Every structure is written in structure tokens, then in C-alpha cells.
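What follows is the content of protein-v4.pdb, which has PDB, C-alpha atoms:
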```
ATOM      1  CA  MET V   1     -65.489  81.300 209.410
ATOM      2  CA  ALA V   2     -69.255  81.810 209.256
ATOM      3  CA  SER V   3     -70.713  82.157 205.774
ATOM      4  CA  LEU V   4     -72.180  85.472 204.670
ATOM      5  CA  ALA V   5     -75.922  85.416 205.306
ATOM      6  CA  ALA V   6     -78.073  85.756 202.223
ATOM      7  CA  PRO V   7     -79.357  89.329 202.041
ATOM      8  CA  THR V   8     -82.964  90.297 201.559
ATOM      9  CA  VAL V   9     -84.143  91.992 198.365
ATOM     10  CA  ILE V  10     -84.950  95.682 197.997
ATOM     11  CA  ASP V  11     -88.670  95.661 197.257
ATOM     12  CA  ASN V  12     -88.823  98.958 195.359
ATOM     13  CA  ILE V  13     -87.384  98.224 191.918
ATOM     14  CA  TYR V  14     -86.507 101.913 191.423
ATOM     15  CA  ASP V  15     -83.983 101.557 194.264
ATOM     16  CA  TRP V  16     -82.031  98.752 192.569
ATOM     17  CA  LYS V  17     -78.480  99.947 191.902
ATOM     18  CA  PHE V  18     -76.915  99.701 188.437
ATOM     19  CA  SER V  19     -73.217  99.261 187.677
ATOM     20  CA  GLY V  20     -71.068  97.976 184.852
ATOM     21  CA  ALA V  21     -68.005  95.764 184.430
ATOM     22  CA  MET V  22     -66.091  93.902 181.717
ATOM     23  CA  LEU V  23     -65.374  90.249 181.066
ATOM     24  CA  SER V  24     -61.770  89.375 180.255
ATOM     25  CA  VAL V  25     -62.706  88.395 176.688
ATOM     26  CA  PRO V  26     -65.594  89.602 174.463
ATOM     27  CA  ARG V  27     -67.781  86.634 173.526
ATOM     28  CA  SER V  28     -71.291  85.327 172.839
ATOM     29  CA  SER V  29     -73.048  81.950 173.306
ATOM     30  CA  ILE V  30     -71.749  82.184 176.856
ATOM     31  CA  SER V  31     -73.076  80.239 179.867
ATOM     32  CA  ALA V  32     -73.536  81.510 183.408
ATOM     33  CA  THR V  33     -74.365  80.230 186.861
ATOM     34  CA  SER V  34     -73.847  81.251 190.487
ATOM     35  CA  VAL V  35     -72.649  79.399 193.568
ATOM     36  CA  GLY V  36     -72.285  80.941 197.009
ATOM     37  CA  GLN V  37     -71.067  84.511 196.557
ATOM     38  CA  LEU V  38     -69.750  83.877 193.043
ATOM     39  CA  ALA V  39     -71.100  84.540 189.544
ATOM     40  CA  LEU V  40     -69.387  82.545 186.793
ATOM     41  CA  PHE V  41     -69.436  83.228 183.032
ATOM     42  CA  ALA V  42     -67.978  80.266 181.140
ATOM     43  CA  GLY V  43     -66.913  79.497 177.590
ATOM     44  CA  GLY V  44     -68.486  81.047 174.517
ATOM     45  CA  ARG V  45     -67.622  82.072 170.975
ATOM     46  CA  LEU V  46     -65.153  84.819 170.183
ATOM     47  CA  GLN V  47     -65.542  87.541 167.555
ATOM     48  CA  ASN V  48     -63.691  85.378 165.003
ATOM     49  CA  GLY V  49     -66.059  82.426 165.580
ATOM     50  CA  SER V  50     -63.595  80.281 167.535
ATOM     51  CA  TYR V  51     -64.394  78.848 170.965
ATOM     52  CA  THR V  52     -62.912  79.834 174.319
ATOM     53  CA  ASP V  53     -62.269  78.041 177.613
ATOM     54  CA  VAL V  54     -62.225  81.232 179.707
ATOM     55  CA  VAL V  55     -64.305  81.435 182.900
ATOM     56  CA  ASP V  56     -64.779  84.921 184.364
ATOM     57  CA  ILE V  57     -65.689  84.880 188.073
ATOM     58  CA  TYR V  58     -67.180  87.749 190.095
ATOM     59  CA  ASP V  59     -67.076  87.642 193.901
ATOM     60  CA  ARG V  60     -69.988  89.633 195.340
ATOM     61  CA  LYS V  61     -68.437  89.807 198.805
ATOM     62  CA  ALA V  62     -64.991  90.955 197.638
ATOM     63  CA  LYS V  63     -66.393  92.907 194.657
ATOM     64  CA  LYS V  64     -63.568  91.573 192.492
ATOM     65  CA  TRP V  65     -63.191  89.672 189.207
ATOM     66  CA  THR V  66     -60.838  86.756 188.596
ATOM     67  CA  ALA V  67     -60.474  84.306 185.712
ATOM     68  CA  SER V  68     -60.070  80.558 185.335
ATOM     69  CA  ARG V  69     -60.379  77.995 182.527
ATOM     70  CA  LEU V  70     -62.519  75.047 181.503
ATOM     71  CA  SER V  71     -61.011  71.713 180.547
ATOM     72  CA  ALA V  72     -61.825  72.430 176.881
ATOM     73  CA  ALA V  73     -62.922  75.405 174.795
ATOM     74  CA  ARG V  74     -66.645  75.261 174.014
ATOM     75  CA  SER V  75     -69.904  77.219 173.910
ATOM     76  CA  GLU V  76     -73.601  76.820 174.798
ATOM     77  CA  ILE V  77     -72.708  74.836 177.893
ATOM     78  CA  GLY V  78     -75.239  73.467 180.367
ATOM     79  CA  ALA V  79     -74.551  75.332 183.624
ATOM     80  CA  GLY V  80     -75.829  74.879 187.172
ATOM     81  CA  SER V  81     -74.817  74.536 190.812
ATOM     82  CA  VAL V  82     -75.050  71.850 193.503
ATOM     83  CA  ALA V  83     -75.053  71.961 197.305
ATOM     84  CA  GLY V  84     -74.155  75.645 197.441
ATOM     85  CA  ARG V  85     -70.508  74.755 196.770
ATOM     86  CA  TYR V  86     -70.042  73.460 193.227
ATOM     87  CA  ALA V  87     -70.607  75.053 189.834
ATOM     88  CA  LEU V  88     -71.256  72.489 187.091
ATOM     89  CA  PHE V  89     -70.495  73.051 183.403
ATOM     90  CA  ALA V  90     -71.572  70.136 181.208
ATOM     91  CA  GLY V  91     -71.577  69.506 177.483
ATOM     92  CA  GLY V  92     -71.810  72.246 174.890
ATOM     93  CA  PHE V  93     -70.353  72.562 171.394
ATOM     94  CA  ASP V  94     -66.665  72.463 170.543
ATOM     95  CA  ALA V  95     -64.795  73.029 167.292
ATOM     96  CA  SER V  96     -66.129  69.744 165.874
ATOM     97  CA  PHE V  97     -69.643  71.300 165.920
ATOM     98  CA  LYS V  98     -70.987  68.224 167.708
ATOM     99  CA  PRO V  99     -72.519  68.193 171.196
ATOM    100  CA  ILE V 100     -70.052  66.839 173.740
ATOM    101  CA  VAL V 101     -72.540  65.064 176.021
ATOM    102  CA  ALA V 102     -76.292  64.674 176.362
ATOM    103  CA  ALA V 103     -78.105  67.368 178.292
ATOM    104  CA  ILE V 104     -78.928  66.738 181.953
ATOM    105  CA  VAL V 105     -82.638  66.608 181.159
ATOM    106  CA  GLY V 106     -83.726  65.605 177.674
ATOM    107  CA  GLY V 107     -81.766  67.490 175.045
ATOM    108  CA  LEU V 108     -79.662  66.416 172.106
ATOM    109  CA  SER V 109     -78.140  62.968 172.003
ATOM    110  CA  GLY V 110     -74.830  62.243 170.297
ATOM    111  CA  ASP V 111     -76.575  62.299 166.909
ATOM    112  CA  LEU V 112     -77.931  65.748 166.055
ATOM    113  CA  GLN V 113     -80.896  64.181 164.223
ATOM    114  CA  TYR V 114     -82.465  62.831 167.390
ATOM    115  CA  LEU V 115     -83.566  64.035 170.796
ATOM    116  CA  SER V 116     -83.052  62.239 174.082
ATOM    117  CA  ASN V 117     -85.413  61.294 176.937
ATOM    118  CA  ALA V 118     -82.506  60.704 179.334
ATOM    119  CA  VAL V 119     -82.650  62.407 182.742
ATOM    120  CA  ASP V 120     -79.725  62.761 185.151
ATOM    121  CA  TYR V 121     -79.929  64.747 188.364
ATOM    122  CA  VAL V 122     -77.322  65.414 191.026
ATOM    123  CA  ASP V 123     -78.180  65.502 194.733
ATOM    124  CA  SER V 124     -76.535  67.568 197.485
ATOM    125  CA  LYS V 125     -74.050  64.748 198.126
ATOM    126  CA  LEU V 126     -72.987  64.887 194.467
ATOM    127  CA  ALA V 127     -74.514  61.500 193.689
ATOM    128  CA  VAL V 128     -75.796  61.207 190.125
ATOM    129  CA  HIS V 129     -79.203  59.582 189.584
ATOM    130  CA  SER V 130     -80.470  58.487 186.177
ATOM    131  CA  THR V 131     -83.961  57.937 184.831
ATOM    132  CA  SER V 132     -85.925  58.913 181.716
ATOM    133  CA  LEU V 133     -88.860  61.094 180.794
ATOM    134  CA  ASP V 134     -92.179  59.264 180.671
ATOM    135  CA  ALA V 135     -92.894  61.103 177.428
ATOM    136  CA  ASN V 136     -94.748  60.276 174.265
ATOM    137  CA  TYR V 137     -92.031  62.049 172.294
ATOM    138  CA  PRO V 138     -88.400  62.966 173.094
ATOM    139  CA  GLN V 139     -88.197  66.647 173.922
ATOM    140  CA  LEU V 140     -85.662  69.471 174.048
ATOM    141  CA  GLY V 141     -87.462  71.674 176.552
ATOM    142  CA  LEU V 142     -87.025  74.425 179.101
ATOM    143  CA  ALA V 143     -85.871  73.421 182.599
ATOM    144  CA  VAL V 144     -86.857  75.788 185.427
ATOM    145  CA  ALA V 145     -85.944  75.291 189.106
ATOM    146  CA  ASP V 146     -87.389  76.884 192.233
ATOM    147  CA  ARG V 147     -84.848  76.644 195.041
ATOM    148  CA  SER V 148     -87.273  77.869 197.690
ATOM    149  CA  SER V 149     -89.735  75.000 197.159
ATOM    150  CA  GLY V 150     -87.319  72.311 195.934
ATOM    151  CA  SER V 151     -89.409  71.813 192.807
ATOM    152  CA  GLY V 152     -88.793  72.111 189.086
ATOM    153  CA  LEU V 153     -90.551  72.216 185.747
ATOM    154  CA  TYR V 154     -89.546  70.837 182.348
ATOM    155  CA  THR V 155     -91.791  72.109 179.573
ATOM    156  CA  SER V 156     -92.128  73.933 176.232
ATOM    157  CA  GLY V 157     -89.322  73.682 173.634
ATOM    158  CA  TYR V 158     -89.784  71.191 170.831
ATOM    159  CA  GLN V 159     -90.252  67.455 170.331
ATOM    160  CA  ASN V 160     -89.633  64.878 167.619
ATOM    161  CA  ASN V 161     -92.919  63.252 166.614
ATOM    162  CA  ARG V 162     -91.089  60.555 164.619
ATOM    163  CA  PRO V 163     -88.242  59.373 166.854
ATOM    164  CA  GLY V 164     -85.912  56.795 165.381
ATOM    165  CA  GLU V 165     -87.260  57.225 161.860
ATOM    166  CA  ARG V 166     -85.258  58.333 158.870
ATOM    167  CA  PHE V 167     -86.929  61.738 158.724
ATOM    168  CA  ASN V 168     -87.702  63.850 161.768
ATOM    169  CA  ASP V 169     -90.875  65.752 162.536
ATOM    170  CA  PHE V 170     -90.003  68.557 164.948
ATOM    171  CA  GLU V 171     -92.868  70.501 166.482
ATOM    172  CA  ALA V 172     -93.297  72.873 169.414
ATOM    173  CA  SER V 173     -94.041  70.775 172.496
ATOM    174  CA  ASN V 174     -96.789  70.990 175.106
ATOM    175  CA  GLN V 175     -95.337  68.179 177.237
ATOM    176  CA  THR V 176     -94.770  69.180 180.874
ATOM    177  CA  PHE V 177     -92.993  67.346 183.688
ATOM    178  CA  VAL V 178     -92.910  68.344 187.349
ATOM    179  CA  PHE V 179     -89.822  67.633 189.457
ATOM    180  CA  ALA V 180     -90.258  67.386 193.228
ATOM    181  CA  ALA V 181     -87.395  66.860 195.665
ATOM    182  CA  ALA V 182     -87.732  65.456 199.182
ATOM    183  CA  SER V 183     -85.055  64.857 201.814
ATOM    184  CA  ALA V 184     -84.198  61.375 200.581
ATOM    185  CA  SER V 185     -85.762  61.089 197.132
ATOM    186  CA  ALA V 186     -86.988  62.926 194.068
ATOM    187  CA  SER V 187     -89.728  62.384 191.519
ATOM    188  CA  LEU V 188     -90.351  63.472 187.939
ATOM    189  CA  ALA V 189     -93.941  63.067 186.789
ATOM    190  CA  PRO V 190     -96.072  64.293 183.860
ATOM    191  CA  GLY V 191     -97.915  67.533 184.602
ATOM    192  CA  PRO V 192    -100.617  69.658 182.949
ATOM    193  CA  VAL V 193     -99.799  70.328 179.299
ATOM    194  CA  PHE V 194     -98.146  73.606 178.369
ATOM    195  CA  PRO V 195    -101.018  75.862 177.221
ATOM    196  CA  TYR V 196     -99.428  77.462 174.152
ATOM    197  CA  PRO V 197     -96.596  75.442 172.567
ATOM    198  CA  ARG V 198     -93.826  77.575 171.084
ATOM    199  CA  TRP V 199     -90.102  77.707 170.491
ATOM    200  CA  GLY V 200     -87.572  79.903 172.299
ATOM    201  CA  ALA V 201     -89.434  80.713 175.530
ATOM    202  CA  GLY V 202     -87.563  81.514 178.735
ATOM    203  CA  GLY V 203     -88.534  80.974 182.341
ATOM    204  CA  ALA V 204     -87.753  81.218 186.038
ATOM    205  CA  ALA V 205     -89.546  80.541 189.326
ATOM    206  CA  ALA V 206     -90.072  81.935 192.825
ATOM    207  CA  ASN V 207     -92.357  80.861 195.676
ATOM    208  CA  GLY V 208     -93.602  77.845 193.725
ATOM    209  CA  VAL V 209     -94.725  80.062 190.828
ATOM    210  CA  PHE V 210     -93.165  79.117 187.471
ATOM    211  CA  VAL V 211     -93.240  81.831 184.796
ATOM    212  CA  VAL V 212     -92.586  80.957 181.121
ATOM    213  CA  GLY V 213     -92.641  83.791 178.604
ATOM    214  CA  GLY V 214     -91.713  84.944 175.131
ATOM    215  CA  GLY V 215     -90.625  82.639 172.316
ATOM    216  CA  HIS V 216     -91.880  82.308 168.749
ATOM    217  CA  VAL V 217     -94.193  80.322 166.519
ATOM    218  CA  PHE V 218     -93.977  79.557 162.811
ATOM    219  CA  GLY V 219     -96.658  80.555 160.311
ATOM    220  CA  ASN V 220     -98.950  77.778 159.131
ATOM    221  CA  SER V 221    -100.193  79.322 155.885
ATOM    222  CA  THR V 222     -98.910  81.325 152.950
ATOM    223  CA  ASN V 223    -100.748  84.387 154.280
ATOM    224  CA  SER V 224     -99.133  84.368 157.738
ATOM    225  CA  ALA V 225     -95.731  85.618 158.846
ATOM    226  CA  LEU V 226     -92.904  83.101 158.638
ATOM    227  CA  THR V 227     -92.057  83.672 162.318
ATOM    228  CA  THR V 228     -94.030  85.526 164.983
ATOM    229  CA  VAL V 229     -92.273  86.511 168.206
ATOM    230  CA  MET V 230     -94.548  86.256 171.245
ATOM    231  CA  ASP V 231     -95.280  88.499 174.219
ATOM    232  CA  ARG V 232     -97.306  85.743 175.914
ATOM    233  CA  VAL V 233     -96.479  84.648 179.471
ATOM    234  CA  ASP V 234     -97.801  81.409 180.997
ATOM    235  CA  VAL V 235     -97.791  80.867 184.765
ATOM    236  CA  PHE V 236     -97.725  77.457 186.491
ATOM    237  CA  HIS V 237     -98.636  77.140 190.181
ATOM    238  CA  ALA V 238     -96.859  74.194 191.799
ATOM    239  CA  GLN V 239     -99.192  74.181 194.806
ATOM    240  CA  TYR V 240    -102.293  73.707 192.668
ATOM    241  CA  GLN V 241    -100.612  71.861 189.775
ATOM    242  CA  ARG V 242    -102.234  74.075 187.162
ATOM    243  CA  TRP V 243    -101.571  76.834 184.658
ATOM    244  CA  SER V 244    -103.390  80.140 185.190
ATOM    245  CA  GLN V 245    -104.597  82.700 182.657
ATOM    246  CA  PRO V 246    -101.821  84.016 180.380
ATOM    247  CA  GLN V 247    -100.301  87.471 180.793
ATOM    248  CA  ARG V 248     -98.263  89.742 178.507
ATOM    249  CA  LEU V 249     -94.757  91.146 178.334
ATOM    250  CA  SER V 250     -94.344  94.820 177.462
ATOM    251  CA  VAL V 251     -92.739  93.760 174.157
ATOM    252  CA  PRO V 252     -92.417  90.416 172.322
ATOM    253  CA  ARG V 253     -89.194  88.630 173.277
ATOM    254  CA  ASP V 254     -87.497  85.632 171.641
ATOM    255  CA  TYR V 255     -85.068  83.554 173.732
ATOM    256  CA  PRO V 256     -85.286  86.075 176.592
ATOM    257  CA  LEU V 257     -82.982  85.931 179.588
ATOM    258  CA  VAL V 258     -85.085  85.240 182.685
ATOM    259  CA  GLN V 259     -83.914  85.306 186.302
ATOM    260  CA  ALA V 260     -85.477  85.145 189.761
ATOM    261  CA  VAL V 261     -84.542  88.089 191.987
ATOM    262  CA  GLY V 262     -86.113  87.504 195.385
ATOM    263  CA  ASP V 263     -89.874  87.326 194.840
ATOM    264  CA  TYR V 264     -89.528  88.818 191.355
ATOM    265  CA  ILE V 265     -89.093  87.147 187.966
ATOM    266  CA  VAL V 266     -87.142  89.417 185.605
ATOM    267  CA  PHE V 267     -87.349  89.212 181.782
ATOM    268  CA  LEU V 268     -84.699  91.032 179.765
ATOM    269  CA  SER V 269     -83.090  90.970 176.326
ATOM    270  CA  GLY V 270     -84.653  88.883 173.539
ATOM    271  CA  THR V 271     -85.722  92.011 171.637
ATOM    272  CA  GLN V 272     -84.309  94.924 169.673
ATOM    273  CA  ALA V 273     -87.361  97.031 170.544
ATOM    274  CA  SER V 274     -86.713  97.875 174.190
ATOM    275  CA  LYS V 275     -84.003  97.987 176.851
ATOM    276  CA  ALA V 276     -86.616  97.831 179.626
ATOM    277  CA  LEU V 277     -86.946  94.917 182.044
ATOM    278  CA  ASP V 278     -90.296  93.176 182.501
ATOM    279  CA  ILE V 279     -90.619  92.352 186.212
ATOM    280  CA  PHE V 280     -93.207  89.821 187.443
ATOM    281  CA  ASP V 281     -94.110  89.701 191.146
ATOM    282  CA  SER V 282     -94.700  86.089 192.246
ATOM    283  CA  ARG V 283     -96.608  87.299 195.326
ATOM    284  CA  THR V 284     -99.303  89.063 193.326
ATOM    285  CA  CYS V 285     -98.886  87.006 190.124
ATOM    286  CA  ALA V 286     -98.805  90.197 188.080
ATOM    287  CA  PHE V 287     -96.236  92.355 186.317
ATOM    288  CA  VAL V 288     -95.002  95.422 188.179
ATOM    289  CA  ALA V 289     -96.116  98.702 186.612
ATOM    290  CA  ASN V 290     -92.958 100.455 185.442
ATOM    291  CA  PRO V 291     -93.777 103.726 183.636
ATOM    292  CA  GLN V 292     -90.243 105.011 184.297
ATOM    293  CA  HIS V 293     -88.698 102.027 182.422
ATOM    294  CA  THR V 294     -86.202 101.676 185.277
ATOM    295  CA  PRO V 295     -84.224  99.511 185.803
ATOM    296  CA  ALA V 296     -83.259  98.871 182.194
ATOM    297  CA  LEU V 297     -80.382  97.575 180.126
ATOM    298  CA  TYR V 298     -77.768 100.111 179.076
ATOM    299  CA  THR V 299     -76.979  98.175 175.886
ATOM    300  CA  LEU V 300     -79.243  96.064 173.671
ATOM    301  CA  ARG V 301     -77.690  92.618 173.314
ATOM    302  CA  GLN V 302     -78.451  89.122 172.038
ATOM    303  CA  ASP V 303     -76.978  85.683 172.798
ATOM    304  CA  ALA V 304     -75.817  86.837 176.249
ATOM    305  CA  ALA V 305     -76.000  85.052 179.623
ATOM    306  CA  ALA V 306     -77.457  86.019 182.980
ATOM    307  CA  THR V 307     -77.231  84.747 186.531
ATOM    308  CA  THR V 308     -78.234  85.914 190.013
ATOM    309  CA  VAL V 309     -75.999  85.809 193.101
ATOM    310  CA  ASN V 310     -77.619  85.347 196.532
ATOM    311  CA  GLY V 311     -80.998  85.831 194.903
ATOM    312  CA  CYS V 312     -80.458  89.593 194.748
ATOM    313  CA  LEU V 313     -77.577  90.562 192.425
ATOM    314  CA  LEU V 314     -78.493  90.115 188.751
ATOM    315  CA  LEU V 315     -75.630  90.052 186.249
ATOM    316  CA  VAL V 316     -75.954  90.086 182.452
ATOM    317  CA  GLY V 317     -72.773  89.461 180.488
ATOM    318  CA  GLY V 318     -71.389  88.981 177.016
ATOM    319  CA  GLY V 319     -73.452  88.444 173.886
ATOM    320  CA  THR V 320     -73.565  90.342 170.629
ATOM    321  CA  VAL V 321     -74.358  94.013 170.060
ATOM    322  CA  TYR V 322     -75.129  96.222 167.071
ATOM    323  CA  GLN V 323     -77.685  93.689 165.798
ATOM    324  CA  GLY V 324     -75.297  90.772 166.126
ATOM    325  CA  ARG V 325     -72.273  92.288 164.402
ATOM    326  CA  ASN V 326     -69.884  92.433 167.353
ATOM    327  CA  ALA V 327     -69.226  90.290 170.426
ATOM    328  CA  THR V 328     -69.109  92.266 173.673
ATOM    329  CA  ALA V 329     -67.333  91.887 177.013
ATOM    330  CA  SER V 330     -69.637  94.247 178.873
ATOM    331  CA  VAL V 331     -71.426  93.164 182.042
ATOM    332  CA  GLU V 332     -74.431  94.973 183.492
ATOM    333  CA  MET V 333     -75.197  94.460 187.182
ATOM    334  CA  PHE V 334     -78.493  95.183 188.920
ATOM    335  CA  ASP V 335     -77.973  95.154 192.683
ATOM    336  CA  ALA V 336     -81.192  94.552 194.641
ATOM    337  CA  CYS V 337     -79.360  93.316 197.754
ATOM    338  CA  ASN V 338     -80.572  94.879 200.975
ATOM    339  CA  ALA V 339     -77.206  94.451 202.669
TER     340      ALA V 339
END
```
Show this structure as C-alpha cells.
Amino acid sequence: MASLAAPTVIDNIYDWKFSGAMLSVPRSSISATSVGQLALFAGGRLQNGSYTDVVDIYDRKAKKWTASRLSAARSEIGAGSVAGRYALFAGGFDASFKPIVAAIVGGLSGDLQYLSNAVDYVDSKLAVHSTSLDANYPQLGLAVADRSSGSGLYTSGYQNNRPGERFNDFEASNQTFVFAAASASASLAPGPVFPYPRWGAGGAAANGVFVVGGGHVFGNSTNSALTTVMDRVDVFHAQYQRWSQPQRLSVPRDYPLVQAVGDYIVFLSGTQASKALDIFDSRTCAFVANPQHTPALYTLRQDAAATTVNGCLLLVGGGTVYQGRNATASVEMFDACNA
């Protein structure tokens, strides 16, 4: 049977269709990815603080939900897909409160005091390749992939300036690494430094344009705020290997959810101030004017997960509501599919 062709994206954001659904179990610290026609929401923490192994699966073609299970209950799982067929769920935290495995790129090692420079990537034949970051300091950063160009970016986050020593020195990182994939090989090389180091930024990419926004910085004096949430957005152009002038979100966002929808990069959540989506157009390298504040979230939420199916159906699921008091099972779907 021939596979369903990937649909194009409705260009007018006001024509995106909104609908709602429910996960089988309310939970936060959930992980999400998509593969083929499927969106998968895996693991997480329940209202009582325990972990779950539930995986909720939405089929865009059939418009139906089913459920499956992980091998073990855990949260904050690394999620991704390979070869258009396989969804990968790696690591995370279980009831022992220790990370199960190292992250695919960088991340936490088996000892929570230290960061790792290990890099593992999986090719379309499911072969695992291992290398390490050529970094001055081990880094827990933000990994962003652009499927259209076969390139990726690892940047921002934080680094340990005193690796292997008794006491750590964690600081926001400006280290940047550029991943480039060819038909038979891949490379990971240092790139231009991240212009404004900060914690908690989110990012996505389209058309070789990598957009990293939001996050927070810590005050450096007794007269400054302890934490300042940022509205700054930095844009990296893979073709020119450079960062361009920064732009601004409509509101500051910390740990925002960021997804590519066609040519657009969509920022949502990460704030209690607005339900609106910030939508960046990679073709014009500018945010879309949206005086109608549509599309927008129906419910403010934190610690949720988002994924995009076929590059056009954006799903946001789980998380906490009412300023973190309750876990939710609600799913909000923004359908930009032109088919």
C-alpha cells in the first residue's frame, strides 16, 4: 500500500483548525515525538508524583487514539524518530531519581554531579555511531534538528567549568556545534558561539534557519532580580554559518515548547502571561503579525510536551495547569494540514 503523501501547510495561520482531545492518564514531565502518521506521548509523572509507563498514540490518518506501554515507568525521556519508521524513547528518570542512561548528545552522565561530552547518533539503517563533543567544557545543551536540510545544532544550555573537580561551576553556555549529515557520513563541528548564553531556551528549525528563544538568566548583583525570564530570540543561518540580529517574542517565555510547522517556527507555553502563539516565518526571518492572537492555547499549561505530525499537525499534551497544582490529560491540536 502506498504511504500517505505529506500534506502541504496552510499558509494563513488564521485558517489553522483547532480541536481538543484527552490522554488516557493526566500527567506532566511527559515526552513526545512523531513518526509517520503517528504522534506519541510517552511516560511522565502522575498527580501523586509517581511515574507512568503509558504511551498515548494518535493516528492522524485514522483520527484515533490508542495506548501502549514503555518497558519501565519514567519521565523526562529523550524522544526522537529514525528512518520515518521508529520512535525512540531513551533514558529519563525513574523512581530511583537517577538518570537511566546518558543523553544522546551531551547531557547528564550516571553521576548527577557531572556532565557528559558523549555523542551517539543513529542513522537511517539504525546503526549507532559514537563520538564526543570537541568542547572546552561538558555541556547540557539544546539539540535542534532540521529535517529538510539534514543539519542540526547543539547550543545554549549550561556547562561545567570545573569538570572532574570536587565542586562544580555551572554556567550558561555559549558553546555551539553544527551537525551535518551526508549520504554516507555525518560531521559535528564547533560553530559560532551562541550570542546570549542563558538557561531554559527552546528551539526548532526550518529551511536551514535555526531559531532559539526564551529562557532565563540569573542576577549577578544584589540589586538585580534573582531570575529574569527572556523574550530574546536568536537566529542561526546554516547556509552562512552565522547568527543574525536578535528578535523578540511577544512575551518572555521560560522553557517554551517550540515546533516547526511547515515554514513556520511556533513558540507556545513557557509563560503564565499569555495563551497566544508566537509564530516565526523562516522564509522572511521575522515573526508573523498576529493582532487577533489566533491561533492560541485554550489552557495555560507548564511542563507539557509538543510534537508535529507530517510537519503540519501540532499537538500539545499533558503538563500542569492552575499554576502547577494539577496534572492534566488535555491535548490541544492545531491542524495546518492542507489535505
(request) Could you list the residues chosen by the PyMOL selection byres ((chain V and resi 234-243) around 8) in this structure as JSON, numbers by chain? (result) {"V": [151, 191, 192, 194, 195, 208, 209, 210, 211, 212, 213, 232, 233, 244, 245, 246, 247]}
(message) Distance cut-off 8 Å, centre (-76.5, 91.2, 171.9) in file coordinates, counting only C-alpha atoms: which residues qualify? Return them as a list in words.
(response)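 So the residues meeting the distance criterion are Ser28, Ser269, Leu300, Arg301, Gln302, Asp303, Ala304, Gly318, Gly319, Thr320, Val321, Tyr322, Gln323, Gly324, Ala327 and Thr328 of chain V.
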(message) I need the residue nearest Ser34 of chain V from this list: V:Gly317, V:Gly49, V:Gly84, V:Pro190. Use only C-alpha atoms for the distance.
(response) V:Gly84
(message) Using all atoms listed in the file and a cutoff of 8 Å, can you tell me which residues are near (-87.6, 59.4, 185.7) in the file's coordinates, and write them out as a list of chain:residue names?
(response) V:Val119, V:Ser130, V:Thr131, V:Ser132, V:Leu133, V:Asp134, V:Ser187, V:Leu188, V:Ala189
(request) Find, counting only C-alpha atoms, the residue in V:Leu313, V:Leu297, V:Ile279, V:Leu40 that gets nearest to Ile13 of chain V. (result)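 Smallest distance to Ile13 of chain V is found for V:Ile279.
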(message) Between atom CA of Glu171 of chain V and atom CA of Gly203 of chain V, what is the distance in Å, rounded to a tenth?
(response) 19.5 Å
(message) Can you translate the PyMOL selection byres ((chain V and resi 48) around 12) into the concrete residues it hits in this file, as a ChimeraX atom specification?
(response) /V:26-28,44-47,49-52,325-327
(request) Apply the PyMOL selection byres ((chain V and resi 129) around 12) to the displayed file and report the matching residues as a PyMOL selection string. (result) chain V and resi 104-105+118-128+130-132+185-188
(request) Using only C-alpha atoms, determine which residues lie at most 9 Å from segment 137-148 of chain V, disregarding the query and same-chain residues fewer than 5 positions distant; provide the list as a VMD selection string. (result) chain V and resid 103 105 to 108 114 to 118 153 to 163 173 175 to 176 179 199 to 212 260
For the selection you just gave me, I'd like the residues written to a file as a PDB file, in the coordinates of the input, keeping C-alpha atoms.
```pdb
ATOM      1  CA  ALA V 103     -78.105  67.368 178.292  1.00  0.00           C
ATOM      2  CA  VAL V 105     -82.638  66.608 181.159  1.00  0.00           C
ATOM      3  CA  GLY V 106     -83.726  65.605 177.674  1.00  0.00           C
ATOM      4  CA  GLY V 107     -81.766  67.490 175.045  1.00  0.00           C
ATOM      5  CA  LEU V 108     -79.662  66.416 172.106  1.00  0.00           C
ATOM      6  CA  TYR V 114     -82.465  62.831 167.390  1.00  0.00           C
ATOM      7  CA  LEU V 115     -83.566  64.035 170.796  1.00  0.00           C
ATOM      8  CA  SER V 116     -83.052  62.239 174.082  1.00  0.00           C
ATOM      9  CA  ASN V 117     -85.413  61.294 176.937  1.00  0.00           C
ATOM     10  CA  ALA V 118     -82.506  60.704 179.334  1.00  0.00           C
ATOM     11  CA  LEU V 153     -90.551  72.216 185.747  1.00  0.00           C
ATOM     12  CA  TYR V 154     -89.546  70.837 182.348  1.00  0.00           C
ATOM     13  CA  THR V 155     -91.791  72.109 179.573  1.00  0.00           C
ATOM     14  CA  SER V 156     -92.128  73.933 176.232  1.00  0.00           C
ATOM     15  CA  GLY V 157     -89.322  73.682 173.634  1.00  0.00           C
ATOM     16  CA  TYR V 158     -89.784  71.191 170.831  1.00  0.00           C
ATOM     17  CA  GLN V 159     -90.252  67.455 170.331  1.00  0.00           C
ATOM     18  CA  ASN V 160     -89.633  64.878 167.619  1.00  0.00           C
ATOM     19  CA  ASN V 161     -92.919  63.252 166.614  1.00  0.00           C
ATOM     20  CA  ARG V 162     -91.089  60.555 164.619  1.00  0.00           C
ATOM     21  CA  PRO V 163     -88.242  59.373 166.854  1.00  0.00           C
ATOM     22  CA  SER V 173     -94.041  70.775 172.496  1.00  0.00           C
ATOM     23  CA  GLN V 175     -95.337  68.179 177.237  1.00  0.00           C
ATOM     24  CA  THR V 176     -94.770  69.180 180.874  1.00  0.00           C
ATOM     25  CA  PHE V 179     -89.822  67.633 189.457  1.00  0.00           C
ATOM     26  CA  TRP V 199     -90.102  77.707 170.491  1.00  0.00           C
ATOM     27  CA  GLY V 200     -87.572  79.903 172.299  1.00  0.00           C
ATOM     28  CA  ALA V 201     -89.434  80.713 175.530  1.00  0.00           C
ATOM     29  CA  GLY V 202     -87.563  81.514 178.735  1.00  0.00           C
ATOM     30  CA  GLY V 203     -88.534  80.974 182.341  1.00  0.00           C
ATOM     31  CA  ALA V 204     -87.753  81.218 186.038  1.00  0.00           C
ATOM     32  CA  ALA V 205     -89.546  80.541 189.326  1.00  0.00           C
ATOM     33  CA  ALA V 206     -90.072  81.935 192.825  1.00  0.00           C
ATOM     34  CA  ASN V 207     -92.357  80.861 195.676  1.00  0.00           C
ATOM     35  CA  GLY V 208     -93.602  77.845 193.725  1.00  0.00           C
ATOM     36  CA  VAL V 209     -94.725  80.062 190.828  1.00  0.00           C
ATOM     37  CA  PHE V 210     -93.165  79.117 187.471  1.00  0.00           C
ATOM     38  CA  VAL V 211     -93.240  81.831 184.796  1.00  0.00           C
ATOM     39  CA  VAL V 212     -92.586  80.957 181.121  1.00  0.00           C
ATOM     40  CA  ALA V 260     -85.477  85.145 189.761  1.00  0.00           C
TER      41      ALA V 260
END
```
(request) Excluding Ser68 of chain V and residues on its chain fewer than 5 positions from it, collect all residues at most 9 Å away from it, counting all atoms listed in the file, and give them as a ChimeraX atom specification. (result) /V:42,53-57
(message) Show me, as a VMD selection string, the residues that have an atom within 7 Å of Asp335 of chain V when counting all atoms listed in the file, minus same-chain residues fewer than 3 positions from it.
(response) chain V and resid 16 to 18 312 to 314
